[in-house]
$ cat data-v9.csv   # CSV, C-alpha atoms
chain,number,residue,atom,x,y,z
A,1,MET,CA,130.5,77.8,142.0
A,2,PRO,CA,127.8,77.4,139.3
A,3,VAL,CA,128.9,76.2,135.9
A,4,ASN,CA,129.8,78.6,133.2
A,5,LYS,CA,127.5,80.1,130.7
A,6,LYS,CA,125.1,77.9,128.8
A,7,PRO,CA,122.5,78.8,126.0
A,8,VAL,CA,119.4,80.4,127.5
A,9,THR,CA,116.2,80.9,125.5
A,10,SER,CA,114.3,82.7,128.3
A,11,PRO,CA,115.2,84.3,131.6
A,12,ASP,CA,112.9,81.8,133.4
A,13,GLU,CA,115.5,79.1,132.7
A,14,PHE,CA,118.2,81.0,134.5
A,15,ASN,CA,118.8,81.4,138.3
A,16,ALA,CA,120.7,84.6,138.7
A,17,ASP,CA,120.8,84.3,142.4
A,18,ALA,CA,123.0,81.2,142.1
A,19,PHE,CA,125.9,83.6,141.2
A,20,SER,CA,127.7,85.8,143.6
A,21,GLN,CA,129.2,88.0,140.9
A,22,ALA,CA,128.4,91.7,141.1
A,23,ALA,CA,126.7,91.8,137.7
A,24,ILE,CA,125.7,89.1,135.2
A,25,ALA,CA,123.8,89.5,131.9
A,26,LEU,CA,121.7,87.5,129.5
A,27,HIS,CA,120.8,88.4,125.9
A,28,VAL,CA,117.5,86.9,124.8
A,29,SER,CA,115.9,87.1,121.4
A,30,SER,CA,112.3,86.0,121.0
A,31,SER,CA,110.3,85.0,117.9
A,32,GLY,CA,107.0,85.2,119.8
A,33,GLU,CA,105.4,87.1,122.6
A,34,TYR,CA,106.9,86.2,126.0
A,35,ALA,CA,104.6,86.4,129.0
A,36,GLY,CA,107.2,85.5,131.6
A,37,GLN,CA,106.7,84.0,135.1
A,38,SER,CA,103.9,84.8,137.4
A,39,PRO,CA,105.0,87.4,140.1
A,40,HIS,CA,108.4,86.4,141.4
A,41,ALA,CA,111.4,88.1,143.0
A,42,HIS,CA,115.2,87.8,143.0
A,43,ARG,CA,117.9,88.7,145.6
A,44,LYS,CA,119.6,90.5,142.7
A,45,GLY,CA,118.1,93.7,141.3
A,46,GLN,CA,117.1,93.3,137.6
A,47,LEU,CA,117.6,95.7,134.7
A,48,ILE,CA,115.5,94.7,131.7
A,49,LEU,CA,116.8,96.4,128.6
A,50,SER,CA,114.8,96.6,125.3
A,51,LEU,CA,117.0,96.5,122.2
A,52,ARG,CA,114.1,95.8,119.8
A,53,GLY,CA,110.4,95.6,120.6
A,54,ALA,CA,108.9,96.6,124.0
A,55,VAL,CA,109.1,95.3,127.5
A,56,SER,CA,106.4,95.7,130.1
A,57,CYS,CA,106.9,94.9,133.8
A,58,GLU,CA,104.2,94.8,136.4
A,59,VAL,CA,104.7,95.3,140.1
A,60,GLN,CA,102.1,95.6,142.8
A,61,ASP,CA,101.0,99.2,142.2
A,62,ALA,CA,102.3,100.1,138.7
A,63,LEU,CA,102.9,98.9,135.1
A,64,TRP,CA,106.2,99.9,133.6
A,65,LEU,CA,106.8,99.9,129.8
A,66,VAL,CA,110.0,100.5,128.0
A,67,PRO,CA,110.5,101.0,124.2
A,68,PRO,CA,113.8,100.3,122.5
A,69,GLY,CA,116.7,102.0,124.0
A,70,HIS,CA,115.2,102.0,127.5
A,71,ALA,CA,115.2,99.7,130.5
A,72,VAL,CA,113.1,99.1,133.5
A,73,TRP,CA,114.9,98.7,136.8
A,74,VAL,CA,113.4,96.4,139.5
A,75,PRO,CA,115.2,96.4,142.8
A,76,GLY,CA,115.9,93.1,144.5
A,77,GLU,CA,113.2,91.3,146.5
A,78,ILE,CA,110.3,93.2,144.7
A,79,PRO,CA,107.7,90.8,143.2
A,80,HIS,CA,107.3,91.4,139.5
A,81,SER,CA,106.2,89.8,136.2
A,82,CYS,CA,107.4,90.7,132.7
A,83,ARG,CA,106.1,90.6,129.2
A,84,VAL,CA,107.9,91.3,125.9
A,85,THR,CA,106.4,91.9,122.5
A,86,LYS,CA,106.8,89.7,119.5
A,87,ASN,CA,110.3,89.5,117.9
A,88,ALA,CA,111.8,91.4,120.8
A,89,ASP,CA,115.5,91.6,121.5
A,90,THR,CA,116.1,91.9,125.2
A,91,CYS,CA,119.0,92.0,127.7
A,92,PHE,CA,118.6,91.1,131.4
A,93,LEU,CA,121.2,92.5,133.7
A,94,PHE,CA,121.2,91.2,137.3
A,95,ILE,CA,123.0,93.3,139.9
A,96,GLU,CA,124.0,92.2,143.4
A,97,PRO,CA,122.5,94.4,146.2
A,98,GLY,CA,124.8,97.3,147.0
A,99,ALA,CA,127.0,96.7,144.0
A,100,ALA,CA,125.8,99.9,142.3
A,101,ALA,CA,124.1,103.1,143.4
A,102,MET,CA,120.7,102.1,141.9
A,103,PRO,CA,117.3,103.6,142.7
A,104,GLU,CA,115.4,101.9,145.6
A,105,ILE,CA,112.2,101.9,143.6
A,106,CYS,CA,111.2,100.7,140.2
A,107,CYS,CA,111.8,103.2,137.4
A,108,THR,CA,112.4,103.5,133.6
A,109,LEU,CA,115.9,104.4,132.4
A,110,ALA,CA,117.0,105.9,129.1
A,111,ILE,CA,120.0,103.7,128.4
A,112,THR,CA,123.1,105.4,126.9
A,113,SER,CA,125.0,103.7,124.0
A,114,LEU,CA,127.9,103.0,126.3
A,115,VAL,CA,125.8,101.2,128.8
A,116,ARG,CA,124.0,99.2,126.1
A,117,GLU,CA,127.3,98.0,124.6
A,118,LEU,CA,128.7,97.1,128.0
A,119,VAL,CA,125.6,95.1,128.8
A,120,LEU,CA,125.8,93.3,125.4
A,121,TYR,CA,129.5,92.5,125.9
A,122,LEU,CA,128.9,91.2,129.5
A,123,ALA,CA,126.1,89.0,128.1
A,124,GLU,CA,128.6,87.3,125.8
A,125,GLN,CA,130.9,86.3,128.7
A,126,GLY,CA,130.6,83.4,131.1
A,127,GLN,CA,128.6,84.3,134.2
A,128,ALA,CA,130.9,82.6,136.6
A,129,TYR,CA,133.9,84.9,136.0
A,130,SER,CA,136.6,85.4,138.6
A,131,THR,CA,136.8,88.6,140.6
A,132,ASP,CA,140.3,89.5,139.1
A,133,SER,CA,139.3,88.8,135.5
A,134,LYS,CA,138.9,91.2,132.6
A,135,THR,CA,135.1,90.6,132.7
A,136,ALA,CA,135.0,91.6,136.4
A,137,ARG,CA,136.8,94.9,135.5
A,138,LEU,CA,134.3,95.5,132.7
A,139,ALA,CA,131.4,94.8,135.0
A,140,ALA,CA,132.8,97.4,137.5
A,141,VAL,CA,132.9,100.0,134.7
A,142,LEU,CA,129.3,99.1,133.8
A,143,LEU,CA,128.1,99.4,137.4
A,144,GLU,CA,129.8,102.8,137.7
A,145,HIS,CA,128.0,104.2,134.7
A,146,ILE,CA,124.5,102.8,135.1
A,147,PRO,CA,123.4,105.1,138.0
A,148,ASP,CA,124.1,108.1,135.7
A,149,VAL,CA,121.6,107.3,133.0
A,150,PRO,CA,118.4,109.5,133.1
A,151,VAL,CA,115.1,108.4,134.6
A,152,GLU,CA,112.0,108.7,132.4
A,153,ALA,CA,108.3,108.6,133.4
A,154,LEU,CA,107.1,105.7,131.3
A,155,HIS,CA,104.9,104.0,133.7
A,156,LEU,CA,101.2,103.7,134.6
A,157,PRO,CA,100.2,103.6,138.3
A,158,VAL,CA,97.8,100.7,138.8
A,159,SER,CA,96.2,100.3,142.2
A,160,ASP,CA,95.1,96.9,143.7
A,161,HIS,CA,91.7,98.5,144.4
A,162,PRO,CA,89.1,96.3,142.6
A,163,LYS,CA,87.4,99.3,140.9
A,164,ILE,CA,90.7,100.7,139.4
A,165,ARG,CA,91.9,97.2,138.5
A,166,ASN,CA,88.6,96.6,136.8
A,167,MET,CA,88.9,99.8,134.8
A,168,ALA,CA,92.6,99.1,133.9
A,169,GLU,CA,91.9,95.6,132.6
A,170,ALA,CA,88.8,96.7,130.6
A,171,LEU,CA,90.8,99.5,129.0
A,172,PHE,CA,93.7,97.4,128.2
A,173,ASN,CA,91.4,94.9,126.5
A,174,GLU,CA,89.4,97.6,124.7
A,175,PRO,CA,91.5,100.7,124.6
A,176,ASP,CA,89.0,102.5,122.3
A,177,ASP,CA,86.5,102.4,125.1
A,178,ARG,CA,85.6,106.1,125.5
A,179,ARG,CA,83.3,105.9,128.5
A,180,THR,CA,83.3,109.1,130.6
A,181,LEU,CA,84.1,109.2,134.3
A,182,LYS,CA,80.4,109.5,135.0
A,183,GLN,CA,79.7,106.4,132.9
A,184,TRP,CA,82.5,104.4,134.6
A,185,ALA,CA,81.1,105.5,138.0
A,186,ALA,CA,77.7,104.1,137.0
A,187,HIS,CA,79.2,100.9,135.8
A,188,LEU,CA,81.2,100.4,139.0
A,189,VAL,CA,78.2,101.4,141.2
A,190,THR,CA,79.7,104.4,142.8
A,191,SER,CA,79.4,108.2,142.5
A,192,GLU,CA,81.4,110.2,140.0
A,193,ARG,CA,83.0,112.2,142.9
A,194,SER,CA,84.0,109.1,144.8
A,195,LEU,CA,85.5,107.5,141.8
A,196,ALA,CA,87.5,110.6,140.9
A,197,ARG,CA,88.8,110.9,144.4
A,198,LEU,CA,89.7,107.2,144.5
A,199,ILE,CA,91.7,107.4,141.2
A,200,LYS,CA,93.5,110.6,142.4
A,201,GLU,CA,94.4,109.0,145.7
A,202,ALA,CA,95.5,105.7,144.2
A,203,THR,CA,97.4,107.0,141.1
A,204,GLY,CA,98.2,110.6,141.7
A,205,MET,CA,96.4,111.4,138.4
A,206,SER,CA,93.0,112.6,137.3
A,207,PHE,CA,90.9,110.1,135.4
A,208,GLY,CA,91.7,111.8,132.0
A,209,ARG,CA,95.4,112.0,132.7
A,210,TRP,CA,95.5,108.4,133.9
A,211,ARG,CA,93.6,107.1,130.8
A,212,GLN,CA,95.9,109.1,128.5
A,213,GLN,CA,99.0,107.6,130.2
A,214,LEU,CA,97.4,104.1,129.7
A,215,HIS,CA,96.9,105.0,126.0
A,216,LEU,CA,100.6,106.1,125.8
A,217,MET,CA,101.7,102.7,127.2
A,218,ILE,CA,99.7,100.8,124.7
A,219,ALA,CA,100.8,103.0,121.9
A,220,LEU,CA,104.5,102.6,122.7
A,221,SER,CA,104.1,98.8,122.8
A,222,HIS,CA,102.2,98.6,119.5
A,223,LEU,CA,104.5,101.1,117.7
A,224,ALA,CA,107.6,99.2,119.0
A,225,GLU,CA,106.1,96.0,117.4
A,226,GLY,CA,106.1,97.9,114.0
A,227,GLN,CA,102.4,98.8,113.8
A,228,SER,CA,101.6,101.9,111.8
A,229,VAL,CA,100.7,105.2,113.5
A,230,GLN,CA,97.3,105.0,111.7
A,231,ARG,CA,96.6,101.6,113.0
A,232,VAL,CA,97.6,102.5,116.6
A,233,ALA,CA,95.4,105.6,116.5
A,234,GLY,CA,92.5,103.5,115.4
A,235,THR,CA,93.1,100.9,118.1
A,236,LEU,CA,93.0,103.6,120.7
A,237,GLY,CA,89.8,105.1,119.4
A,238,TYR,CA,91.1,108.5,118.2
A,239,ASP,CA,88.9,110.3,115.8
A,240,SER,CA,91.9,111.2,113.7
A,241,VAL,CA,95.6,110.4,113.3
A,242,SER,CA,96.5,114.0,114.0
A,243,ALA,CA,94.7,113.9,117.4
A,244,PHE,CA,96.7,110.8,118.4
A,245,ILE,CA,100.0,112.5,117.2
A,246,THR,CA,99.1,115.6,119.3
A,247,MET,CA,98.6,113.5,122.4
A,248,PHE,CA,101.9,111.6,121.8
A,249,ARG,CA,103.8,114.8,121.2
A,250,LYS,CA,102.5,116.5,124.3
A,251,ALA,CA,103.4,113.4,126.4
A,252,LEU,CA,106.9,112.7,125.0
A,253,GLY,CA,107.9,115.9,123.2
A,254,LYS,CA,108.1,114.3,119.8
A,255,SER,CA,105.8,112.7,117.2
A,256,PRO,CA,105.8,108.9,117.1
A,257,THR,CA,108.0,108.9,114.0
A,258,GLN,CA,110.5,111.3,115.5
A,259,TYR,CA,110.5,109.5,118.8
A,260,PHE,CA,111.3,106.1,117.4
A,261,SER,CA,113.8,107.5,114.9
A,262,SER,CA,115.7,109.1,117.8
A,263,LEU,CA,116.0,105.6,119.4
A,264,ASP,CA,117.8,104.1,116.4
$ encode --input "data-v9.csv" --output "structure tokens"
Amino acid sequence: MPVNKKPVTSPDEFNADAFSQAAIALHVSSSGEYAGQSPHAHRKGQLILSLRGAVSCEVQDALWLVPPGHAVWVPGEIPHSCRVTKNADTCFLFIEPGAAAMPEICCTLAITSLVRELVLYLAEQGQAYSTDSKTARLAAVLLEHIPDVPVEALHLPVSDHPKIRNMAEALFNEPDDRRTLKQWAAHLVTSERSLARLIKEATGMSFGRWRQQLHLMIALSHLAEGQSVQRVAGTLGYDSVSAFITMFRKALGKSPTQYFSSLD
């Protein structure tokens, strides 16, 4: 059996699959941005919970981003790479296949206070706990409650198609780029109709909706880092702060200030 818990400064230093326990957890605080490993996979499923800051997780066809109080779920054996913002406070919960009724696809979960506290408590315990221990009983309670937390649509579909990948990378680097679909089509040497059809088939969204979702992902990440609404609106190229707030409210039902206040 693996040795008991030791200090961990990043999840890269920890091999969760070396443990047979149904659930084990890590609590990692970071003073700087963490870019994580290149795409990798685990036997165990992985729940990445953001306590402070934001976490993004990229899989083959989508980018998932979670603000504080949320988590991204990555089932076992799915290649993924993760990134956390500066000064993030993050928990990693690894779950054995079949130990809980978790989704079979990646998703974003709105974590309840009970689940958060159970994960934090489990992270303080030794990972090599026995099956008849108090820790094992607590883990069983945690695994019973996690499937009940609500799923939220905080993700951006990103195709492996070179044209869409090109657009996504350009817009992440320069989110204030306001080129129209027609201008993007000319840049990518294709017709406007063909590009619109490609985006719809690959992401399930129109170009305008897809770019708005990309802006929302970037906004959530920057706001979670503590940047002001005014600065984020400027970064995304909005003509006014009120226009940005309107977009944010339409997407998430609350203004940025109300949304992050509700996560405290």
$ closest_residue --input "data-v9.csv" --among "A:Ala224, A:Leu63, A:Leu114, A:Met102" --to "Thr203 of chain A" --atoms "all atoms listed in the file"
A:Leu63
$ closest_residue --input "data-v9.csv" --among "A:Leu47, A:Ile164, A:Ala196, A:Leu154" --to "Val66 of chain A" --atoms "all atoms listed in the file"
A:Leu154
$ residues_near_point --input "data-v9.csv" --point "(103.1, 112.5, 112.4)" --cutoff "8 Å" --atoms "all atoms listed in the file" --output "PyMOL selection string"
chain A and resi 229+241-242+245+255-257
$ residues_around --input "data-v9.csv" --residues "Ala110 of chain A" --least-positions-apart "2" --cutoff "7 Å" --atoms "only C-alpha atoms" --output "PDB file with C-alpha atoms, in the coordinates of the input"
ATOM      1  CA  GLY A  69     116.700 102.000 124.000  1.00  0.00           C
ATOM      2  CA  HIS A  70     115.200 102.000 127.500  1.00  0.00           C
ATOM      3  CA  ALA A  71     115.200  99.700 130.500  1.00  0.00           C
ATOM      4  CA  THR A 108     112.400 103.500 133.600  1.00  0.00           C
ATOM      5  CA  THR A 112     123.100 105.400 126.900  1.00  0.00           C
ATOM      6  CA  VAL A 149     121.600 107.300 133.000  1.00  0.00           C
ATOM      7  CA  PRO A 150     118.400 109.500 133.100  1.00  0.00           C
ATOM      8  CA  VAL A 151     115.100 108.400 134.600  1.00  0.00           C
ATOM      9  CA  GLU A 152     112.000 108.700 132.400  1.00  0.00           C
TER      10      GLU A 152
END
$ atom_distance --input "data-v9.csv" --atom1 "atom CA of Ser29 of chain A" --atom2 "atom CA of Cys91 of chain A"
8.6 Å
$ residues_around --input "data-v9.csv" --residues "Ala25 of chain A" --least-positions-apart "2" --cutoff "6 Å" --atoms "only C-alpha atoms" --output "PDB file with C-alpha atoms, keeping the file's coordinate frame"
ATOM      1  CA  PHE A  92     118.600  91.100 131.400  1.00  0.00           C
ATOM      2  CA  LEU A  93     121.200  92.500 133.700  1.00  0.00           C
ATOM      3  CA  LEU A 122     128.900  91.200 129.500  1.00  0.00           C
ATOM      4  CA  ALA A 123     126.100  89.000 128.100  1.00  0.00           C
TER       5      ALA A 123
END
$ residues_around --input "data-v9.csv" --residues "Gly76 of chain A" --least-positions-apart "5" --cutoff "10 Å" --atoms "all atoms listed in the file" --output "NGL selection string"
:A and (41-46 or 94-97 or 104-106)
$ write_last_selection --input "data-v9.csv" --atoms "C-alpha atoms" --output "PDB file, keeping the file's coordinate frame"
ATOM      1  CA  ALA A  41     111.400  88.100 143.000  1.00  0.00           C
ATOM      2  CA  HIS A  42     115.200  87.800 143.000  1.00  0.00           C
ATOM      3  CA  ARG A  43     117.900  88.700 145.600  1.00  0.00           C
ATOM      4  CA  LYS A  44     119.600  90.500 142.700  1.00  0.00           C
ATOM      5  CA  GLY A  45     118.100  93.700 141.300  1.00  0.00           C
ATOM      6  CA  GLN A  46     117.100  93.300 137.600  1.00  0.00           C
ATOM      7  CA  PHE A  94     121.200  91.200 137.300  1.00  0.00           C
ATOM      8  CA  ILE A  95     123.000  93.300 139.900  1.00  0.00           C
ATOM      9  CA  GLU A  96     124.000  92.200 143.400  1.00  0.00           C
ATOM     10  CA  PRO A  97     122.500  94.400 146.200  1.00  0.00           C
ATOM     11  CA  GLU A 104     115.400 101.900 145.600  1.00  0.00           C
ATOM     12  CA  ILE A 105     112.200 101.900 143.600  1.00  0.00           C
ATOM     13  CA  CYS A 106     111.200 100.700 140.200  1.00  0.00           C
TER      14      CYS A 106
END
$ atom_distance --input "data-v9.csv" --atom1 "atom CA of His155 of chain A" --atom2 "atom CA of Ile218 of chain A"
10.9 Å
$ atom_distance --input "data-v9.csv" --atom1 "atom CA of Trp73 of chain A" --atom2 "atom CA of Ile48 of chain A"
6.5 Å
$ closest_residue --input "data-v9.csv" --among "A:Ala251, A:Leu120, A:Ile146, A:Ala62" --to "Leu26 of chain A" --atoms "only C-alpha atoms"
A:Leu120
$ residues_around --input "data-v9.csv" --residues "Pro67 of chain A" --least-positions-apart "6" --cutoff "8 Å" --atoms "all atoms listed in the file" --output "list of chain:residue names"
A:Ser50, A:Arg52, A:Gly53, A:Ala54, A:Val55, A:Leu220, A:Ser221, A:Ala224
$ closest_atom_pairs --input "data-v9.csv" --of "segment 52-119 of chain A" --to "segment 156-163 of chain A" --cutoff "9 Å" --atoms "all atoms listed in the file" --output "tab-separated table"
residue	atom	partner	partner_atom	distance
A:Val59	CA	A:Val158	CA	8.9
A:Gln60	CA	A:Asp160	CA	7.2
A:Asp61	CA	A:Val158	CA	4.9
A:Ala62	CA	A:Pro157	CA	4.1
A:Leu63	CA	A:Leu156	CA	5.1
A:Trp64	CA	A:Leu156	CA	6.4
A:Leu65	CA	A:Leu156	CA	8.3
$ write_last_selection --input "data-v9.csv" --atoms "C-alpha atoms" --output "compact mmCIF listing (two decimals), keeping the file's coordinate frame"
# COMPACT_ATOMS: atom_id res chain seq x y z
CA VAL A 59 104.70 95.30 140.10
CA GLN A 60 102.10 95.60 142.80
CA ASP A 61 101.00 99.20 142.20
CA ALA A 62 102.30 100.10 138.70
CA LEU A 63 102.90 98.90 135.10
CA TRP A 64 106.20 99.90 133.60
CA LEU A 65 106.80 99.90 129.80
$ closest_residue --input "data-v9.csv" --among "A:Pro147, A:Pro75, A:Gly253, A:Gly208" --to "Ala101 of chain A" --atoms "all atoms listed in the file"
A:Pro147
$ decode --input "data-v9.csv" --residues "segment 52-80 of chain A" --atoms "N, CA and C atoms" --output "PDB file, in the first residue's frame"
ATOM      1  N   ARG A  52     -10.872  29.461  -4.622  1.00  0.00           N
ATOM      2  CA  ARG A  52     -10.538  30.858  -4.916  1.00  0.00           C
ATOM      3  C   ARG A  52      -9.816  30.883  -6.257  1.00  0.00           C
ATOM      4  N   GLY A  53     -10.057  31.927  -7.048  1.00  0.00           N
ATOM      5  CA  GLY A  53      -9.486  31.966  -8.377  1.00  0.00           C
ATOM      6  C   GLY A  53     -10.330  31.124  -9.325  1.00  0.00           C
ATOM      7  N   ALA A  54      -9.788  30.844 -10.505  1.00  0.00           N
ATOM      8  CA  ALA A  54     -10.530  30.079 -11.506  1.00  0.00           C
ATOM      9  C   ALA A  54      -9.686  28.935 -12.024  1.00  0.00           C
ATOM     10  N   VAL A  55     -10.357  27.881 -12.448  1.00  0.00           N
ATOM     11  CA  VAL A  55      -9.709  26.699 -13.005  1.00  0.00           C
ATOM     12  C   VAL A  55     -10.224  26.484 -14.420  1.00  0.00           C
ATOM     13  N   SER A  56      -9.329  26.242 -15.367  1.00  0.00           N
ATOM     14  CA  SER A  56      -9.757  25.851 -16.712  1.00  0.00           C
ATOM     15  C   SER A  56      -9.193  24.470 -17.006  1.00  0.00           C
ATOM     16  N   CYS A  57      -9.967  23.696 -17.725  1.00  0.00           N
ATOM     17  CA  CYS A  57      -9.574  22.330 -18.066  1.00  0.00           C
ATOM     18  C   CYS A  57      -9.912  22.091 -19.530  1.00  0.00           C
ATOM     19  N   GLU A  58      -8.920  21.688 -20.305  1.00  0.00           N
ATOM     20  CA  GLU A  58      -9.129  21.467 -21.731  1.00  0.00           C
ATOM     21  C   GLU A  58      -9.109  19.985 -22.049  1.00  0.00           C
ATOM     22  N   VAL A  59     -10.140  19.545 -22.752  1.00  0.00           N
ATOM     23  CA  VAL A  59     -10.192  18.192 -23.291  1.00  0.00           C
ATOM     24  C   VAL A  59     -10.189  18.311 -24.808  1.00  0.00           C
ATOM     25  N   GLN A  60     -10.353  17.213 -25.501  1.00  0.00           N
ATOM     26  CA  GLN A  60     -10.156  17.225 -26.949  1.00  0.00           C
ATOM     27  C   GLN A  60     -11.054  18.218 -27.677  1.00  0.00           C
ATOM     28  N   ASP A  61     -12.303  18.324 -27.263  1.00  0.00           N
ATOM     29  CA  ASP A  61     -13.240  19.131 -28.036  1.00  0.00           C
ATOM     30  C   ASP A  61     -13.880  20.272 -27.259  1.00  0.00           C
ATOM     31  N   ALA A  62     -13.348  20.614 -26.099  1.00  0.00           N
ATOM     32  CA  ALA A  62     -13.970  21.678 -25.320  1.00  0.00           C
ATOM     33  C   ALA A  62     -13.022  22.223 -24.260  1.00  0.00           C
ATOM     34  N   LEU A  63     -13.304  23.458 -23.862  1.00  0.00           N
ATOM     35  CA  LEU A  63     -12.603  24.098 -22.751  1.00  0.00           C
ATOM     36  C   LEU A  63     -13.618  24.346 -21.651  1.00  0.00           C
ATOM     37  N   TRP A  64     -13.318  23.840 -20.457  1.00  0.00           N
ATOM     38  CA  TRP A  64     -14.205  24.010 -19.313  1.00  0.00           C
ATOM     39  C   TRP A  64     -13.564  24.993 -18.349  1.00  0.00           C
ATOM     40  N   LEU A  65     -14.345  25.950 -17.857  1.00  0.00           N
ATOM     41  CA  LEU A  65     -13.818  26.916 -16.900  1.00  0.00           C
ATOM     42  C   LEU A  65     -14.744  27.004 -15.703  1.00  0.00           C
ATOM     43  N   VAL A  66     -14.152  26.993 -14.504  1.00  0.00           N
ATOM     44  CA  VAL A  66     -14.969  27.065 -13.299  1.00  0.00           C
ATOM     45  C   VAL A  66     -14.510  28.202 -12.401  1.00  0.00           C
ATOM     46  N   PRO A  67     -15.428  29.078 -12.013  1.00  0.00           N
ATOM     47  CA  PRO A  67     -15.139  30.121 -11.031  1.00  0.00           C
ATOM     48  C   PRO A  67     -15.238  29.549  -9.630  1.00  0.00           C
ATOM     49  N   PRO A  68     -14.958  30.339  -8.602  1.00  0.00           N
ATOM     50  CA  PRO A  68     -15.050  29.837  -7.222  1.00  0.00           C
ATOM     51  C   PRO A  68     -16.423  29.236  -6.924  1.00  0.00           C
ATOM     52  N   GLY A  69     -16.410  28.161  -6.145  1.00  0.00           N
ATOM     53  CA  GLY A  69     -17.649  27.508  -5.779  1.00  0.00           C
ATOM     54  C   GLY A  69     -18.132  26.495  -6.789  1.00  0.00           C
ATOM     55  N   HIS A  70     -17.340  26.274  -7.836  1.00  0.00           N
ATOM     56  CA  HIS A  70     -17.705  25.320  -8.873  1.00  0.00           C
ATOM     57  C   HIS A  70     -16.566  24.317  -9.068  1.00  0.00           C
ATOM     58  N   ALA A  71     -16.862  23.272  -9.825  1.00  0.00           N
ATOM     59  CA  ALA A  71     -15.850  22.261 -10.106  1.00  0.00           C
ATOM     60  C   ALA A  71     -16.050  21.732 -11.515  1.00  0.00           C
ATOM     61  N   VAL A  72     -14.980  21.284 -12.126  1.00  0.00           N
ATOM     62  CA  VAL A  72     -15.086  20.586 -13.401  1.00  0.00           C
ATOM     63  C   VAL A  72     -14.842  19.103 -13.150  1.00  0.00           C
ATOM     64  N   TRP A  73     -15.687  18.281 -13.735  1.00  0.00           N
ATOM     65  CA  TRP A  73     -15.582  16.831 -13.585  1.00  0.00           C
ATOM     66  C   TRP A  73     -14.996  16.247 -14.856  1.00  0.00           C
ATOM     67  N   VAL A  74     -13.918  15.456 -14.710  1.00  0.00           N
ATOM     68  CA  VAL A  74     -13.270  14.778 -15.833  1.00  0.00           C
ATOM     69  C   VAL A  74     -13.310  13.280 -15.551  1.00  0.00           C
ATOM     70  N   PRO A  75     -14.111  12.509 -16.282  1.00  0.00           N
ATOM     71  CA  PRO A  75     -14.157  11.055 -16.049  1.00  0.00           C
ATOM     72  C   PRO A  75     -12.798  10.403 -16.272  1.00  0.00           C
ATOM     73  N   GLY A  76     -12.618   9.238 -15.714  1.00  0.00           N
ATOM     74  CA  GLY A  76     -11.361   8.518 -15.865  1.00  0.00           C
ATOM     75  C   GLY A  76     -11.046   8.203 -17.320  1.00  0.00           C
ATOM     76  N   GLU A  77      -9.745   8.176 -17.623  1.00  0.00           N
ATOM     77  CA  GLU A  77      -9.215   7.804 -18.940  1.00  0.00           C
ATOM     78  C   GLU A  77      -9.460   8.848 -20.027  1.00  0.00           C
ATOM     79  N   ILE A  78      -9.923  10.042 -19.669  1.00  0.00           N
ATOM     80  CA  ILE A  78     -10.097  11.105 -20.665  1.00  0.00           C
ATOM     81  C   ILE A  78      -8.886  12.035 -20.605  1.00  0.00           C
ATOM     82  N   PRO A  79      -8.116  12.154 -21.690  1.00  0.00           N
ATOM     83  CA  PRO A  79      -6.953  13.058 -21.688  1.00  0.00           C
ATOM     84  C   PRO A  79      -7.397  14.505 -21.446  1.00  0.00           C
ATOM     85  N   HIS A  80      -6.674  15.201 -20.588  1.00  0.00           N
ATOM     86  CA  HIS A  80      -7.028  16.579 -20.253  1.00  0.00           C
ATOM     87  C   HIS A  80      -5.791  17.327 -19.772  1.00  0.00           C
TER      88      HIS A  80
END
